[in-house]
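Single-structure report; data block below.
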Amino acid sequence: MSADRHDNPTPDQSPLDTGHDYDGIREHDNVLPNWWLATLFLTMAFGLGYWLYYHVSGAGLLPRGEYAAELDAAAQRARAAAAGRGEPDDALLKTLAASEQTTAAGRRTFEQSCVACHGAQGQGVVGPNLTDSSWIHGARPVEIRRTVAAGVTSKGMPAWETVLGAERVDEVVAYVLTLKGRNVPGKPPEGSVVAP
Amino acid sequence: MSMRVSSRKHAPGLDRLGSINDDGSRRHPEPADISGRFTRGRRAVYAMLMAIYVTLPFVEIGGDRAVHLDIPGRRFHLFGSVFNAQDGFRLLLLALTVAFGLLFVTAVWGRLWCGWACPQSVFIEGLFRPIERLIDGPREQRIRLRQQGFSPRRLPLVLLKHALYLAVAFLLAHALLALFVPLPKLVGMMSHAPGVNAVPFGWAMAVTGVLYFDGAWFREQFCVVLCPYGRLQSVLTDEHSLVIGYDAARGEPRRGKAAPEGRLSLPVVDGTREGDCVDCGRCVSVCPTAIDIRNGLQMECIGCAQCVDACDDVMDRLSRPRGLVRYDSLSGLVGHQRRRVRSRVVVYGLVFASVVTALIVTTVLRRPFEAELVRARGMPYVVDGDRVRNTFELHVVNKQPVAAELLVTTLADDGTEVTLPVDRITLGSLDDFRLPVVATRSRTAGSASIRLTVTEKDSGRVRDITAPLLGPVAH
């Protein structure tokens with residue numbers, strides 16, 4: 001926009017003229033708005049307060065401290081949940097295995113997590129056949145649950161409780177209990193035979 | 001920050017801000033009452049925009065609100081379609097569309113957005129100033145009240161005015177929040193203590209505070225100092241863009257009192273000629289950013305056209321033609337031809353057209369589901385006798401607002417086997433599923449790959465995924 005009618009007044013007329021000229025634009029030393037200056041002073045005050053609170057007094061937690069506090073809180077929550085729940089026993093697991101809702105949920109978990117090694121029908125691919133009457137680590141519902149929850153790391157069975165949580169482990173064990181005895185042809189029996 | 005008006009007569013000039021006094025204190029512009037075709041047009045546009053703004057939270061499409069930006073759920077529901085994280089690149093296209101659209105519109109029509117559609121103008125000129133006019137009276141009375149300062153007698157009216165400001169800010173803030181938290185849930189939140197939903201409450205209070213501060217006090221300082229669009233105007237416009245300006249050739253020399261020192265005035269060409277400008281000062285008294293448009297195009301001018309209406313009104317009374325202050329280009333105001341087609345218009349227009357086309361095409365052709373194949377955690381491959389096994393995970397996401405059924409088929413090279421636990425997956429709306437896929441090839445086979453085809457049953461849309469099998473080097 002070059003129309004010369006937009007030039008500023010001649011230098012002599014304005015007392016604020018600093019004398020600097022930039023391509024025809026005169027620099028004036030106008031007063032800054034008070035609200036603008038207030039934001040500067042507020043920022044300085046905030047900076048001082050922030051420094052005192054977080055770096056001098058130790059009252060404010062820095063990120064490492066916040067993280068440690070969160071870990072502590074999570075550990076406390078986990079302990080409270082475990083204390084309240086108690087370990088499921090055979091009777092509870094058998095009841096869960098009879099519930100359609102629980103076994104359906106367990107089946108979804110099975111399809112996502114177990115099929116890769118145990119096969120779509122539990123017939124065994126990498127892991128053992130879950131449908132025959134031979135069990136390596138115990139056939140009782142509680143023993144099956146322990147195997148699922150804690151895993152058998154030496155053989156490649158993951159510890160599922162940390163991944164799925166206790167509730168989903170209960171559900172998938174309930175589903176596995178329904179597979180027991182189907183005798184789907186797959187991997188040959190491993191472990192010791194337990195009477196059904 | 002005192003609100004008193006400086007004793008020295010502070011007329012708008014090119015060498016300083018009209019809204020700041022010489023001691024840095026604020027000098028609030030008090031626009032006079034105005035009516036005219038542009039003011040009427042703007043009020044109609046404001047009413048329409050505000051109607052859309054407050055009714056949008058009530059509109060339901062496809063079982064959800066028309067606009068629901070679900071930040072915690074990482075999903076945007078827009079007019080029946082759902083967008084999730086995989087649609088992120090469309091945000092880029094949207095940003096480019098808005099940017100180049102703005103550049104194009106500004107190159108041709110200048111600062112039209114500011115005075116006609118910007119929320120700052122819509123809310124302040126449309127809501128806050130009418131409240132102030134209602135309680136504090138017309139311009140002369142408001143100036144007198146500011147000069148007198150606060151008096152205890154006025155306390156009830158002052159409280160009423162600020163209560164109305166806060167109520168307006170409160171409603172506007174919650175209408176905005178309703179785009180993020182659906183209205184029924186928001187109303188439910190408001191019936192509990194603030195601490196129960198602390199984060200939405202914090203946002204509501206913060207936005208209310210900002211709107212109140214802007215509408216009650218800050219006002220034109222935002223346009224003049226803070227708004228990035230305003231600061232960019234001088235590079236986005238040229239002498240052919242539409243602006244509001246004063247036809248100095250027609251208006252000068254001004255009749256009536258001589259122009260004060262420091263103002264622009266053209267020398268009298270012949271002694272008997274008089275310009276149409278009668279120096280009534282109405283264009284100055286109606287300006288919300290405290291400029292004198294007769295000094296030429298200025299940074300503060302937001303293109304509200306109130307000075308146009310004011311001058312047209314005076315010209316009508318003097319039986320002279322309208323348009324002494326009018327919408328025109330800078331070259332048009334000095335009598336030259338305005339060129340609409342320029343290189344910047346063409347370039348901005350072409351880029352805008354291509355970006356908006358890309359956005360529309362990619363959105364219309366969106367597939368209603370996602371399917372990604374990733375390798376399962378653990379070993380990249382396992383050697384089992386003379387077979388090499390790779391385990392994958394097929395992650396499918398249903399992006400529709402209704403349930404969907406996905407069919408999975410495989411195609412593998414000779415000697416490669418692919419095992420799918422299921423070939424039919426039913427997913428609820430916005431549900432996802434991870435399907436293990438096991439593929440084996442002969443150890444001596446060398447390279448092999450598998451191909452999965454995921455088909456959505458109702459629409460027939462298809463995604464094909466190919467993945468190579470990993471294994472030991474064959475010898």
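Going through the structure tokens in order, the chains are called A, B, and so on, while each chain numbers its residues from 1 and the ligands are numbered from 1 in the order shown.
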
| task | May I have all residues of segment 218-257 of chain B that DSSP, computed from the backbone, assigns to strand (DSSP E), given as a list of chain:residue names? | result | B:Leu242, B:Val243, B:Ile244, B:Gly245, B:Tyr246

Give me the residues within 9 Å of Arg338 of chain B as a compact mmCIF listing (two decimals) with N, CA and C atoms, in the first residue's frame, counting only C-alpha atoms and dropping any in the same chain fewer than 4 places off.
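Result written to part.txt:
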# COMPACT_ATOMS: atom_id res chain seq x y z
N GLU B 239 -3.64 -3.15 -2.93
CA GLU B 239 -4.46 -1.97 -3.25
C GLU B 239 -5.74 -2.33 -3.99
N HIS B 240 -5.92 -3.63 -4.32
CA HIS B 240 -7.15 -4.01 -5.02
C HIS B 240 -8.11 -4.78 -4.13
N SER B 241 -7.74 -5.01 -2.87
CA SER B 241 -8.65 -5.71 -1.96
C SER B 241 -9.70 -4.74 -1.45
N ASP B 328 -14.64 0.04 -0.86
CA ASP B 328 -13.98 0.11 -2.16
C ASP B 328 -12.56 -0.38 -1.96
N SER B 329 -11.82 -0.52 -3.06
CA SER B 329 -10.41 -0.85 -2.92
C SER B 329 -9.62 0.45 -2.79
N LEU B 330 -8.39 0.35 -2.34
CA LEU B 330 -7.57 1.56 -2.21
C LEU B 330 -7.36 2.21 -3.58
N SER B 331 -7.18 1.38 -4.60
CA SER B 331 -7.00 2.00 -5.92
C SER B 331 -8.31 2.59 -6.40
N GLY B 332 -9.43 1.98 -6.06
CA GLY B 332 -10.72 2.56 -6.43
C GLY B 332 -10.97 3.88 -5.75

| Could you list, as a PyMOL selection string, every residue of chain B that has an atom within 10 Å of an atom of chain A, counting only C-alpha atoms? | chain B and resi 1-2+13-17+19-26+218+221+225+234-235+237-240+248+261-266+295-298+330-331+334+376+384+391-393+419-422+433-438

| task | Excluding segment 38-48 of chain B and residues on its chain fewer than 6 positions from it, collect all residues at most 12 Å away from it, counting only C-alpha atoms, and give them as a VMD selection string. | result | chain B and resid 54 to 55 112 to 127 130 286 303 to 313 326 to 327

| message | Would you pick out the contacts of Ile136 of chain A at 7 Å or less, using only C-alpha atoms, so that residues sharing its chain but fewer than 6 positions from it are not included, and give the list as JSON, numbers by chain? | response | {"A": [190, 191, 192]}

Write the residues you've just listed into a file as a PDB file, in the first residue's frame, and include C-alpha atoms for each of them.
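again-v2.pdb, written as the output of this step:
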ATOM      1  CA  GLU A 190       0.947 -84.232  27.944  1.00  0.00           C
ATOM      2  CA  GLY A 191       1.273 -84.420  31.683  1.00  0.00           C
ATOM      3  CA  SER A 192      -0.544 -86.741  34.019  1.00  0.00           C
TER       4      SER A 192
END

| Hey, what does DSSP flag as alpha helix (DSSP H) within segment 288-437 of chain B? Can you give it to me as a PyMOL selection string? | chain B and resi 306-317+330-333+343-364

| Residue among A:Ala166, A:Ile25, A:Ala149, A:Ala45 lying closest to Ala81 of chain A, counting only C-alpha atoms | A:Ala166

| field | Residue with smallest distance to Asn129 of chain A - pool A:Ala80, A:Ala104, A:Val56, A:Leu179, counting only C-alpha atoms | value |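 Result for the nearest residue to Asn129 of chain A: A:Leu179.
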
| query | Residues at most 9 Å from Glu456 of chain B, counting only C-alpha atoms, excluding those fewer than 2 positions away in the same chain, as a list in words? | reply |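 That gives Pro368, Phe369, Ala404, Glu405, Leu406, Leu407, Val454, Asp458, Ser459, Gly460, Arg461, Val462 and Arg463 of chain B.
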
| request: Have a look at atom CA of Asp170 of chain A and atom CA of Asn398 of chain B and let me know their distance in Å, one decimal. | output: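 A separation of 27.7 Å between them.
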
| task | Find, counting only C-alpha atoms, the residue in A:Tyr175, A:Val148, A:Asp90, A:Gly24 that gets nearest to Thr162 of chain A. | result | A:Val148

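Counting only C-alpha atoms and comparing A:Gly122, A:Gly58, A:Gly138, A:Gly106, the residue that lies closest to Arg182 of chain A is A:Gly122.
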